$ cat start_10.pdb   # PDB, C-alpha atoms
ATOM      1  CA  MET A   1      19.008  17.051 -17.223
ATOM      2  CA  ARG A   2      16.599  14.337 -18.302
ATOM      3  CA  PRO A   3      13.425  15.344 -20.140
ATOM      4  CA  PRO A   4      10.305  15.795 -18.000
ATOM      5  CA  THR A   5       8.285  12.665 -17.354
ATOM      6  CA  ALA A   6       5.108  12.436 -19.397
ATOM      7  CA  VAL A   7       1.704  11.627 -17.919
ATOM      8  CA  GLY A   8      -1.014   9.828 -19.859
ATOM      9  CA  HIS A   9      -4.182   7.807 -19.503
ATOM     10  CA  ASN A  10      -3.931   4.066 -18.829
ATOM     11  CA  GLU A  11      -6.893   2.009 -20.046
ATOM     12  CA  LEU A  12      -6.449  -0.822 -17.528
ATOM     13  CA  LEU A  13      -6.398   1.440 -14.479
ATOM     14  CA  GLY A  14      -8.786   3.971 -15.964
ATOM     15  CA  HIS A  15      -6.737   7.012 -14.942
ATOM     16  CA  ALA A  16      -3.476   8.844 -15.528
ATOM     17  CA  VAL A  17      -0.093   7.222 -14.907
ATOM     18  CA  ARG A  18       3.547   8.089 -15.472
ATOM     19  CA  LEU A  19       4.598   7.078 -18.987
ATOM     20  CA  GLU A  20       8.081   5.738 -18.385
ATOM     21  CA  ASP A  21       9.909   2.433 -17.999
ATOM     22  CA  TRP A  22       8.867   0.420 -14.963
ATOM     23  CA  ALA A  23      12.441   0.379 -13.672
ATOM     24  CA  GLN A  24      12.289   4.183 -13.296
ATOM     25  CA  GLN A  25       9.015   4.327 -11.409
ATOM     26  CA  GLY A  26      10.484   3.965  -7.934
ATOM     27  CA  GLU A  27      11.422   7.647  -7.932
ATOM     28  CA  SER A  28       9.168  10.224  -6.334
ATOM     29  CA  THR A  29       6.541  12.001  -8.420
ATOM     30  CA  TYR A  30       7.189  15.111  -6.296
ATOM     31  CA  VAL A  31      10.796  15.015  -7.528
ATOM     32  CA  ARG A  32       9.565  14.527 -11.089
ATOM     33  CA  ALA A  33       7.294  17.574 -10.772
ATOM     34  CA  ARG A  34      10.156  19.733  -9.515
ATOM     35  CA  GLU A  35      12.363  18.522 -12.372
ATOM     36  CA  ALA A  36       9.716  19.526 -14.908
ATOM     37  CA  LEU A  37       9.405  22.911 -13.242
ATOM     38  CA  ALA A  38      13.174  23.401 -13.441
ATOM     39  CA  ALA A  39      13.043  22.515 -17.156
ATOM     40  CA  ASP A  40      10.361  25.190 -17.635
ATOM     41  CA  ASP A  41       7.841  22.562 -18.755
ATOM     42  CA  VAL A  42       5.037  24.000 -16.705
ATOM     43  CA  GLU A  43       2.206  21.821 -17.964
ATOM     44  CA  SER A  44       4.178  18.631 -17.298
ATOM     45  CA  ALA A  45       4.971  19.935 -13.824
ATOM     46  CA  VAL A  46       1.279  20.625 -13.158
ATOM     47  CA  SER A  47       0.247  17.213 -14.465
ATOM     48  CA  LEU A  48       2.818  15.495 -12.249
ATOM     49  CA  ALA A  49       1.784  17.493  -9.191
ATOM     50  CA  GLU A  50      -1.845  16.556  -9.807
ATOM     51  CA  LEU A  51      -0.750  12.941 -10.203
ATOM     52  CA  THR A  52       0.477  12.878  -6.600
ATOM     53  CA  ALA A  53      -3.156  13.179  -5.530
ATOM     54  CA  GLN A  54      -4.163  10.338  -7.847
ATOM     55  CA  GLU A  55      -1.437   8.240  -6.234
ATOM     56  CA  ALA A  56      -2.644   9.111  -2.725
ATOM     57  CA  GLN A  57      -6.360   8.671  -3.499
ATOM     58  CA  GLU A  58      -6.476   4.961  -2.677
ATOM     59  CA  ALA A  59      -4.830   5.460   0.708
ATOM     60  CA  PHE A  60      -7.217   8.302   1.535
ATOM     61  CA  ASP A  61     -10.303   6.348   0.476
ATOM     62  CA  LEU A  62      -9.285   3.158   2.271
ATOM     63  CA  TYR A  63      -8.246   4.861   5.484
ATOM     64  CA  LEU A  64     -11.474   6.802   5.660
ATOM     65  CA  LEU A  65     -13.484   3.631   5.031
ATOM     66  CA  TRP A  66     -11.541   1.495   7.507
ATOM     67  CA  LEU A  67     -11.587   4.109  10.268
ATOM     68  CA  GLY A  68     -15.367   4.108   9.990
ATOM     69  CA  ARG A  69     -15.888   0.347   9.691
ATOM     70  CA  LEU A  70     -13.295  -1.176  11.995
ATOM     71  CA  PRO A  71     -14.925  -0.198  15.310
ATOM     72  CA  ALA A  72     -18.245  -1.829  14.339
ATOM     73  CA  LEU A  73     -16.491  -4.952  13.074
ATOM     74  CA  LEU A  74     -14.571  -5.268  16.331
ATOM     75  CA  VAL A  75     -17.817  -5.137  18.279
ATOM     76  CA  GLU A  76     -19.306  -7.786  15.992
ATOM     77  CA  LEU A  77     -16.325 -10.021  16.717
ATOM     78  CA  GLY A  78     -16.901  -9.653  20.451
ATOM     79  CA  VAL A  79     -14.821  -6.717  21.685
ATOM     80  CA  PRO A  80     -16.686  -5.126  24.639
ATOM     81  CA  ASP A  81     -17.902  -1.668  23.769
ATOM     82  CA  GLY A  82     -16.292  -0.225  26.878
ATOM     83  CA  ASN A  83     -12.875  -1.486  25.800
ATOM     84  CA  LEU A  84     -13.290   0.122  22.410
ATOM     85  CA  ALA A  85     -14.743   3.508  23.327
ATOM     86  CA  PRO A  86     -11.506   5.563  23.671
ATOM     87  CA  THR A  87      -9.962   4.196  20.469
ATOM     88  CA  ARG A  88     -13.252   4.519  18.574
ATOM     89  CA  ASP A  89     -13.347   8.199  19.531
ATOM     90  CA  LEU A  90      -9.745   8.547  18.372
ATOM     91  CA  ALA A  91     -10.677   6.936  15.055
ATOM     92  CA  ALA A  92     -13.578   9.357  14.558
ATOM     93  CA  ARG A  93     -11.372  12.381  15.269
ATOM     94  CA  THR A  94      -8.655  11.014  13.013
ATOM     95  CA  ALA A  95     -11.117  10.557  10.163
ATOM     96  CA  GLU A  96     -12.162  14.193  10.478
ATOM     97  CA  THR A  97      -8.514  15.277  10.446
ATOM     98  CA  LEU A  98      -7.843  13.055   7.446
ATOM     99  CA  GLU A  99     -10.669  14.659   5.447
ATOM    100  CA  ALA A 100      -9.581  18.166   6.384
ATOM    101  CA  GLY A 101      -5.960  17.380   5.540
ATOM    102  CA  TRP A 102      -6.957  15.946   2.176
ATOM    103  CA  ALA A 103      -8.851  19.113   1.295
ATOM    104  CA  THR A 104      -5.897  21.294   2.282
ATOM    105  CA  TYR A 105      -3.521  19.083   0.320
ATOM    106  CA  ARG A 106      -5.620  19.539  -2.809
ATOM    107  CA  GLU A 107      -5.668  23.303  -2.223
ATOM    108  CA  HIS A 108      -1.877  23.369  -2.171
ATOM    109  CA  LEU A 109      -1.736  21.415  -5.435
ATOM    110  CA  ALA A 110      -4.133  23.881  -7.048
ATOM    111  CA  ALA A 111      -1.992  26.766  -5.785
ATOM    112  CA  PHE A 112       1.072  25.024  -7.232
ATOM    113  CA  GLY A 113      -0.585  25.111 -10.655
ATOM    114  CA  VAL A 114      -1.404  28.809 -10.355
ATOM    115  CA  ARG A 115       2.098  29.776  -9.277
ATOM    116  CA  ALA A 116       3.800  27.500 -11.805
ATOM    117  CA  ARG A 117       1.823  29.013 -14.672
ATOM    118  CA  ALA A 118       2.675  32.492 -13.353
ATOM    119  CA  ARG A 119       6.365  31.466 -13.542
ATOM    120  CA  ASP A 120       6.692  31.832  -9.766
ATOM    121  CA  THR A 121       9.001  28.851  -9.410
ATOM    122  CA  PRO A 122       9.989  29.368  -5.742
ATOM    123  CA  GLY A 123       6.361  29.859  -4.756
ATOM    124  CA  ALA A 124       5.276  26.795  -6.717
ATOM    125  CA  GLU A 125       7.937  24.658  -5.045
ATOM    126  CA  GLU A 126       6.794  25.896  -1.648
ATOM    127  CA  GLU A 127       3.205  24.932  -2.413
ATOM    128  CA  LEU A 128       4.224  21.450  -3.593
ATOM    129  CA  GLU A 129       6.255  20.737  -0.458
ATOM    130  CA  ALA A 130       3.537  22.193   1.747
ATOM    131  CA  GLY A 131       1.043  19.862   0.113
ATOM    132  CA  ARG A 132       3.273  16.834   0.638
ATOM    133  CA  MET A 133       3.760  17.726   4.299
ATOM    134  CA  VAL A 134       0.025  18.236   4.850
ATOM    135  CA  TRP A 135      -0.722  14.859   3.293
ATOM    136  CA  GLN A 136       1.913  13.156   5.459
ATOM    137  CA  THR A 137       0.505  14.867   8.551
ATOM    138  CA  ALA A 138      -2.959  13.536   7.685
ATOM    139  CA  HIS A 139      -1.805  10.096   6.503
ATOM    140  CA  ASP A 140       0.377   9.027   9.415
ATOM    141  CA  PRO A 141      -2.129   9.461  12.265
ATOM    142  CA  ALA A 142      -4.667   7.494  10.201
ATOM    143  CA  THR A 143      -2.232   4.580   9.915
ATOM    144  CA  ASP A 144      -1.521   4.860  13.646
ATOM    145  CA  ALA A 145      -5.223   4.853  14.535
ATOM    146  CA  LEU A 146      -5.877   1.740  12.433
ATOM    147  CA  CYS A 147      -3.022  -0.061  14.185
ATOM    148  CA  ALA A 148      -4.430   1.041  17.538
ATOM    149  CA  LEU A 149      -7.894  -0.319  16.669
ATOM    150  CA  ILE A 150      -6.435  -3.690  15.713
ATOM    151  CA  ALA A 151      -4.449  -3.701  18.964
ATOM    152  CA  VAL A 152      -7.676  -3.287  20.935
ATOM    153  CA  GLY A 153      -9.094  -6.343  19.191
ATOM    154  CA  VAL A 154      -5.966  -8.380  19.889
ATOM    155  CA  ASP A 155      -5.956  -7.318  23.534
ATOM    156  CA  ALA A 156      -9.604  -8.296  24.007
ATOM    157  CA  LEU A 157      -9.855 -11.404  21.821
ATOM    158  CA  GLY A 158      -6.315 -12.624  21.205
ATOM    159  CA  GLU A 159      -4.474 -12.495  17.905
ATOM    160  CA  ASP A 160      -6.597 -15.270  16.384
ATOM    161  CA  CYS A 161      -9.131 -12.525  15.603
ATOM    162  CA  VAL A 162      -6.804 -10.694  13.204
ATOM    163  CA  GLY A 163      -7.222 -12.888  10.118
ATOM    164  CA  PRO A 164     -11.041 -13.013  10.340
ATOM    165  CA  LEU A 165     -11.128  -9.272  11.015
ATOM    166  CA  TRP A 166      -9.264  -8.484   7.810
ATOM    167  CA  ASP A 167     -11.370 -10.997   5.876
ATOM    168  CA  ARG A 168     -14.501  -9.061   6.827
ATOM    169  CA  LEU A 169     -12.939  -5.703   6.100
ATOM    170  CA  LEU A 170     -11.646  -6.808   2.678
ATOM    171  CA  ALA A 171     -14.652  -8.871   1.550
ATOM    172  CA  HIS A 172     -15.619  -6.458  -1.241
ATOM    173  CA  TYR A 173     -12.089  -6.656  -2.645
ATOM    174  CA  TYR A 174     -12.192 -10.439  -2.631
ATOM    175  CA  ALA A 175     -15.435 -10.332  -4.596
ATOM    176  CA  ALA A 176     -13.810  -8.216  -7.320
ATOM    177  CA  LEU A 177     -10.781 -10.441  -7.863
ATOM    178  CA  GLY A 178     -12.359 -12.541 -10.598
ATOM    179  CA  GLU A 179     -13.523  -9.557 -12.612
ATOM    180  CA  LYS A 180     -10.057  -7.978 -12.607
ATOM    181  CA  TYR A 181      -7.664 -10.913 -12.706
ATOM    182  CA  ASP A 182      -9.357 -14.174 -13.716
ATOM    183  CA  PRO A 183      -6.718 -15.914 -15.887
ATOM    184  CA  ALA A 184      -9.481 -17.690 -17.805
ATOM    185  CA  THR A 185     -10.865 -14.407 -19.129
ATOM    186  CA  ARG A 186      -7.981 -11.918 -19.027
ATOM    187  CA  PRO A 187      -4.444 -12.312 -20.438
ATOM    188  CA  TRP A 188      -1.859 -12.403 -17.660
ATOM    189  CA  ARG A 189       0.202  -9.657 -19.335
ATOM    190  CA  GLN A 190      -2.726  -7.284 -18.710
ATOM    191  CA  SER A 191      -3.081  -8.405 -15.120
ATOM    192  CA  LEU A 192       0.639  -7.980 -14.565
ATOM    193  CA  GLU A 193       0.561  -4.446 -15.959
ATOM    194  CA  ARG A 194      -2.349  -3.533 -13.696
ATOM    195  CA  LEU A 195      -0.685  -5.097 -10.647
ATOM    196  CA  VAL A 196       2.658  -3.428 -11.279
ATOM    197  CA  LEU A 197       1.363   0.066 -12.033
ATOM    198  CA  ASP A 198      -1.098  -0.079  -9.156
ATOM    199  CA  ILE A 199       1.553  -0.917  -6.558
ATOM    200  CA  PHE A 200       3.846   1.756  -7.966
ATOM    201  CA  GLU A 201       1.303   4.505  -7.533
ATOM    202  CA  ALA A 202      -0.059   3.259  -4.202
ATOM    203  CA  THR A 203       3.427   3.105  -2.700
ATOM    204  CA  ARG A 204       4.218   6.615  -3.857
ATOM    205  CA  GLY A 205       0.867   7.717  -2.465
ATOM    206  CA  HIS A 206       1.721   6.337   0.983
ATOM    207  CA  LEU A 207       4.900   8.453   0.902
ATOM    208  CA  SER A 208       7.267   5.541   1.248
ATOM    209  CA  GLY A 209      11.019   6.046   1.507
ATOM    210  CA  PRO A 210      13.447   7.802   3.846
ATOM    211  CA  GLU A 211      12.447  11.269   2.612
ATOM    212  CA  ARG A 212       8.740  10.391   2.823
ATOM    213  CA  ASP A 213       8.185  11.509  -0.755
ATOM    214  CA  GLY A 214       7.318   8.171  -2.377
ATOM    215  CA  ASN A 215      10.674   6.594  -3.213
ATOM    216  CA  PHE A 216      11.140   2.820  -3.327
ATOM    217  CA  GLU A 217      13.302   0.224  -5.070
ATOM    218  CA  VAL A 218      12.146  -1.575  -8.204
ATOM    219  CA  TRP A 219      14.071  -3.896 -10.494
ATOM    220  CA  GLU A 220      13.537  -6.630 -13.044
ATOM    221  CA  GLU A 221      14.571 -10.262 -12.631
ATOM    222  CA  PRO A 222      14.324 -12.862 -15.420
ATOM    223  CA  ASP A 223      11.113 -14.279 -13.924
ATOM    224  CA  ARG A 224       9.571 -11.334 -12.092
ATOM    225  CA  TRP A 225       9.471  -7.671 -11.168
ATOM    226  CA  VAL A 226      10.560  -6.882  -7.617
ATOM    227  CA  VAL A 227       9.444  -3.935  -5.483
ATOM    228  CA  ARG A 228      11.056  -3.233  -2.116
ATOM    229  CA  PHE A 229      10.132  -0.736   0.591
ATOM    230  CA  GLU A 230      12.057   0.172   3.719
ATOM    231  CA  PRO A 231      10.542  -0.864   5.970
ATOM    232  CA  CYS A 232       7.003  -1.048   4.589
ATOM    233  CA  GLY A 233       4.601   0.379   2.053
ATOM    234  CA  SER A 234       2.604   2.347   4.626
ATOM    235  CA  GLY A 235       5.363   4.941   4.668
ATOM    236  CA  GLY A 236       7.059   3.043   7.467
ATOM    237  CA  ARG A 237       4.376   3.769  10.056
ATOM    238  CA  THR A 238       3.665   0.156  10.982
ATOM    239  CA  TYR A 239       7.261  -0.466  12.069
ATOM    240  CA  VAL A 240       7.894   2.647  14.134
ATOM    241  CA  ASP A 241       9.092   2.138  17.707
ATOM    242  CA  PRO A 242       6.080   0.684  19.590
ATOM    243  CA  GLU A 243       7.244   2.408  22.776
ATOM    244  CA  SER A 244       7.213   5.871  21.231
ATOM    245  CA  THR A 245       4.052   5.194  19.209
ATOM    246  CA  PRO A 246       1.812   2.768  21.143
ATOM    247  CA  GLY A 247      -0.722   0.557  19.428
ATOM    248  CA  ARG A 248       1.581  -1.702  17.452
ATOM    249  CA  THR A 249       1.014  -5.433  17.874
ATOM    250  CA  PHE A 250       2.879  -8.257  16.139
ATOM    251  CA  THR A 251       2.208 -11.951  15.624
ATOM    252  CA  GLN A 252       3.291 -14.100  18.547
ATOM    253  CA  SER A 253       2.474 -17.392  16.811
ATOM    254  CA  GLU A 254       2.553 -18.738  13.272
ATOM    255  CA  HIS A 255      -0.626 -18.249  11.236
ATOM    256  CA  ASP A 256      -1.501 -18.921   7.600
ATOM    257  CA  TRP A 257      -2.864 -15.391   7.411
ATOM    258  CA  ALA A 258       0.553 -13.946   8.365
ATOM    259  CA  TRP A 259       2.931 -15.988   6.236
ATOM    260  CA  ARG A 260       3.415 -18.482   9.121
ATOM    261  CA  THR A 261       5.851 -15.983  10.616
ATOM    262  CA  THR A 262       6.162 -14.467  14.079
ATOM    263  CA  GLY A 263       6.948 -10.761  14.423
ATOM    264  CA  VAL A 264       4.645  -9.608  11.593
ATOM    265  CA  CYS A 265       2.667  -6.439  12.286
ATOM    266  CA  HIS A 266      -1.046  -7.215  12.564
ATOM    267  CA  TYR A 267      -1.759  -4.313  10.202
ATOM    268  CA  CYS A 268       0.437  -5.951   7.534
ATOM    269  CA  VAL A 269      -1.793  -9.028   7.615
ATOM    270  CA  HIS A 270      -4.105  -7.384   5.094
ATOM    271  CA  CYS A 271      -1.366  -7.720   2.460
ATOM    272  CA  CYS A 272      -1.110 -11.456   3.129
ATOM    273  CA  GLN A 273      -4.865 -11.821   2.797
ATOM    274  CA  LEU A 274      -5.357  -9.603  -0.240
ATOM    275  CA  GLN A 275      -2.247 -10.494  -2.236
ATOM    276  CA  GLN A 276      -1.881 -14.215  -1.552
ATOM    277  CA  ARG A 277      -4.517 -16.067   0.465
ATOM    278  CA  ALA A 278      -7.701 -14.662  -1.102
ATOM    279  CA  PRO A 279      -6.382 -14.792  -4.706
ATOM    280  CA  ILE A 280      -5.308 -18.409  -4.189
ATOM    281  CA  GLU A 281      -8.813 -19.221  -2.984
ATOM    282  CA  HIS A 282     -10.623 -17.301  -5.733
ATOM    283  CA  LEU A 283      -8.195 -17.568  -8.679
ATOM    284  CA  GLY A 284      -5.998 -20.540  -7.828
ATOM    285  CA  MET A 285      -2.854 -18.420  -7.512
ATOM    286  CA  PRO A 286      -1.466 -15.377  -5.659
ATOM    287  CA  LEU A 287      -1.330 -12.002  -7.364
ATOM    288  CA  ARG A 288       1.754 -10.648  -5.628
ATOM    289  CA  VAL A 289       4.128 -12.609  -3.416
ATOM    290  CA  VAL A 290       5.117 -10.732  -0.269
ATOM    291  CA  GLU A 291       8.108 -11.126   2.041
ATOM    292  CA  PRO A 292       7.081  -8.853   4.928
ATOM    293  CA  PRO A 293       9.239  -6.974   7.395
ATOM    294  CA  VAL A 294       9.602  -8.838  10.693
ATOM    295  CA  ARG A 295      10.142  -7.527  14.203
ATOM    296  CA  PRO A 296      13.220  -9.083  15.869
ATOM    297  CA  ASP A 297      12.209 -11.505  18.625
ATOM    298  CA  GLY A 298      15.491 -12.313  20.323
ATOM    299  CA  GLU A 299      16.029 -15.464  18.285
ATOM    300  CA  GLY A 300      16.741 -13.758  14.996
ATOM    301  CA  PRO A 301      17.635 -10.346  13.566
ATOM    302  CA  GLY A 302      14.243  -9.797  11.982
ATOM    303  CA  ARG A 303      13.838  -8.149   8.587
ATOM    304  CA  ASP A 304      13.630  -4.394   8.040
ATOM    305  CA  GLN A 305      12.394  -4.440   4.443
ATOM    306  CA  CYS A 306       9.204  -5.489   2.691
ATOM    307  CA  THR A 307       9.703  -7.137  -0.711
ATOM    308  CA  TRP A 308       6.992  -7.843  -3.277
ATOM    309  CA  SER A 309       7.492 -10.112  -6.289
ATOM    310  CA  LEU A 310       5.233  -9.892  -9.332
ATOM    311  CA  TYR A 311       5.794 -12.877 -11.597
ATOM    312  CA  LYS A 312       5.796 -12.497 -15.366
ATOM    313  CA  ASP A 313       4.011 -15.844 -15.784
ATOM    314  CA  PRO A 314       1.995 -17.708 -13.118
ATOM    315  CA  ALA A 315       3.857 -20.877 -14.173
ATOM    316  CA  LEU A 316       7.003 -19.301 -12.674
ATOM    317  CA  LEU A 317       5.531 -18.978  -9.171
ATOM    318  CA  PRO A 318       7.608 -20.764  -6.509
ATOM    319  CA  ASP A 319       6.102 -23.339  -4.142
ATOM    320  CA  GLU A 320       6.603 -20.906  -1.247
ATOM    321  CA  ALA A 321       4.063 -18.521  -2.772
ATOM    322  CA  PHE A 322       1.458 -21.100  -1.742
ATOM    323  CA  THR A 323       2.952 -22.985   1.198
ATOM    324  CA  SER A 324       3.908 -19.825   3.121
ATOM    325  CA  VAL A 325       0.198 -19.066   3.533
ATOM    326  CA  GLY A 326      -0.942 -22.632   4.187
ATOM    327  CA  ALA A 327      -2.072 -23.519   0.661
ATOM    328  CA  PRO A 328      -1.026 -26.667  -1.241
ATOM    329  CA  VAL A 329       1.011 -26.324  -4.410
ATOM    330  CA  PRO A 330      -1.594 -26.692  -7.183
ATOM    331  CA  SER A 331      -1.390 -29.545  -9.651
ATOM    332  CA  TRP A 332      -1.433 -27.159 -12.634
ATOM    333  CA  LEU A 333       1.819 -25.579 -11.420
ATOM    334  CA  SER A 334       3.492 -28.958 -11.049
ATOM    335  CA  ARG A 335       2.324 -29.949 -14.545
ATOM    336  CA  SER A 336       3.614 -26.721 -16.099
ATOM    337  CA  ARG A 337       7.066 -27.404 -14.684
ATOM    338  CA  ARG A 338       7.161 -30.903 -16.178
ATOM    339  CA  SER A 339       6.064 -29.764 -19.619
TER     340      SER A 339
END
$ encode --input "start_10.pdb" --output "structure tokens"
Amino acid sequence: MRPPTAVGHNELLGHAVRLEDWAQQGESTYVRAREALAADDVESAVSLAELTAQEAQEAFDLYLLWLGRLPALLVELGVPDGNLAPTRDLAARTAETLEAGWATYREHLAAFGVRARARDTPGAEEELEAGRMVWQTAHDPATDALCALIAVGVDALGEDCVGPLWDRLLAHYYAALGEKYDPATRPWRQSLERLVLDIFEATRGHLSGPERDGNFEVWEEPDRWVVRFEPCGSGGRTYVDPESTPGRTFTQSEHDWAWRTTGVCHYCVHCCQLQQRAPIEHLGMPLRVVEPPVRPDGEGPGRDQCTWSLYKDPALLPDEAFTSVGAPVPSWLSRSRRS
């Protein structure tokens, strides 16, 4: 049995993280908490259980924000209010359910701590799994409702609205890029650490993986770290069967804001904008390079995985990191290769 995973404060992120090698961080924190409980390291188990909420916090905050803002943005872009009314009501109800689910999830984590410290291992394990299930039950309908809102916009305005819609929704993130990642003021090794640890915890928080407990693949290449989800980092919700879960729309044409690829979920566009296009515009380079999952279109098999590459040095970025989103290869990258 391996020793329990330690948890400690990270200065760059400003909160607790798992203190272990990056190559080990694709394993579920719920599993780590149960391992610590089995090793009778109660305080480590409690810290790891509490960390699952830290990992899920970003998803909760963003979903609540987007469910509130998307309907108004769609109206601003020209979607008739009558077209939007049913889905807007769904979004409002989903936001209420999300908040209630989050509160219940936190209650289960608190109960886990009480039972673990009382050496009630079976009861503690029940509370941890109950919390995970409550969070999944709150998380998934929120993802579905966001996809449904975007589908209303596409139906009313055409898919050309998707890129501008995400630009408006993500504007405050674009504005913060320089403060966090400007290579002129911050060493890239710090930016890389922030980018890697942040995607690790966010992916676990979305409950990625076949067991929906936050598992994903991560490995090191000579030039980069690679993270892969099956099929996507939203816990797989954006690539569920569109017939069984309506509201999924996918690119029908090639767009810079969707990696110039058809069959990309319109929800996934925000990763193209936030990881590649906006950083190239604001910083001169992408932060993470994404190869998204793709819906089969009859001409090809599609792609059922989402792969993110985080380069150890910006000088190692490939041309495709720029050209896939309609940006020219910068002169500084060409010069670095010649030197």
$ atom_distance --input "start_10.pdb" --atom1 "atom CA of A:Arg204" --atom2 "atom CA of A:Leu128"
14.8 Å
$ resolve_selection --input "start_10.pdb" --expression "the PyMOL selection byres ((chain A and resi 116-127) around 9)" --output "MDAnalysis selection string"
chainID A and resid 34 37:38 40 42:43 45:46 108:115 128:132
$ write_last_selection --input "start_10.pdb" --atoms "C-alpha atoms" --output "compact mmCIF listing (two decimals), in the coordinates of the input"
# COMPACT_ATOMS: atom_id res chain seq x y z
CA ARG A 34 10.16 19.73 -9.52
CA LEU A 37 9.40 22.91 -13.24
CA ALA A 38 13.17 23.40 -13.44
CA ASP A 40 10.36 25.19 -17.64
CA VAL A 42 5.04 24.00 -16.70
CA GLU A 43 2.21 21.82 -17.96
CA ALA A 45 4.97 19.93 -13.82
CA VAL A 46 1.28 20.62 -13.16
CA HIS A 108 -1.88 23.37 -2.17
CA LEU A 109 -1.74 21.42 -5.44
CA ALA A 110 -4.13 23.88 -7.05
CA ALA A 111 -1.99 26.77 -5.78
CA PHE A 112 1.07 25.02 -7.23
CA GLY A 113 -0.58 25.11 -10.66
CA VAL A 114 -1.40 28.81 -10.36
CA ARG A 115 2.10 29.78 -9.28
CA LEU A 128 4.22 21.45 -3.59
CA GLU A 129 6.26 20.74 -0.46
CA ALA A 130 3.54 22.19 1.75
CA GLY A 131 1.04 19.86 0.11
CA ARG A 132 3.27 16.83 0.64
$ resolve_selection --input "start_10.pdb" --expression "the PyMOL selection byres ((chain A and resi 91) around 10)" --output "PyMOL selection string"
chain A and resi 64+66-71+85-90+92-97+141-142+144-146+148-149
$ closest_atom_pairs --input "start_10.pdb" --of "stretch 186-239 of chain A" --to "stretch 312-325 of chain A" --cutoff "9 Å" --atoms "all atoms listed in the file" --output "tab-separated table"
residue	atom	partner	partner_atom	distance
A:Trp188	CA	A:Asp313	CA	7.1
A:Arg189	CA	A:Lys312	CA	7.4
A:Leu192	CA	A:Lys312	CA	6.9
A:Pro222	CA	A:Lys312	CA	8.5
A:Asp223	CA	A:Lys312	CA	5.8
A:Arg224	CA	A:Lys312	CA	5.1
A:Trp225	CA	A:Lys312	CA	7.4
$ residues_around --input "start_10.pdb" --residues "A:Ala258" --least-positions-apart "3" --cutoff "8 Å" --atoms "only C-alpha atoms" --output "VMD selection string"
chain A and resid 251 254 to 255 261 264 269 272 325
$ write_last_selection --input "start_10.pdb" --atoms "C-alpha atoms" --output "PDB file, in the coordinates of the input"
ATOM      1  CA  THR A 251       2.208 -11.951  15.624  1.00  0.00           C
ATOM      2  CA  GLU A 254       2.553 -18.738  13.272  1.00  0.00           C
ATOM      3  CA  HIS A 255      -0.626 -18.249  11.236  1.00  0.00           C
ATOM      4  CA  THR A 261       5.851 -15.983  10.616  1.00  0.00           C
ATOM      5  CA  VAL A 264       4.645  -9.608  11.593  1.00  0.00           C
ATOM      6  CA  VAL A 269      -1.793  -9.028   7.615  1.00  0.00           C
ATOM      7  CA  CYS A 272      -1.110 -11.456   3.129  1.00  0.00           C
ATOM      8  CA  VAL A 325       0.198 -19.066   3.533  1.00  0.00           C
TER       9      VAL A 325
END
$ axis_aligned_box --input "start_10.pdb" --around "stretch 79-87 of chain A" --padding-each-side "8 Å" --output "lines of an AutoDock Vina configuration file"
center_x = -13.9
center_y = -0.6
center_z = 23.7
size_x = 23.9
size_y = 28.3
size_z = 22.4
$ closest_residue --input "start_10.pdb" --among "A:Asp213, A:Asp167, A:Asp256, A:Glu50" --to "A:Glu107" --atoms "all atoms listed in the file"
A:Glu50
$ resolve_selection --input "start_10.pdb" --expression "the PyMOL selection byres ((chain A and resi 28) around 10)" --output "ChimeraX atom specification"
/A:24-27,29-33,52,201,203-205,207-209,211-216
$ atom_distance --input "start_10.pdb" --atom1 "atom CA of A:Ala36" --atom2 "atom CA of A:Glu99"
29.2 Å
$ closest_residue --input "start_10.pdb" --among "A:Gln57, A:Ser253, A:Ser331, A:Thr137" --to "A:Glu159" --atoms "only C-alpha atoms"
A:Ser253
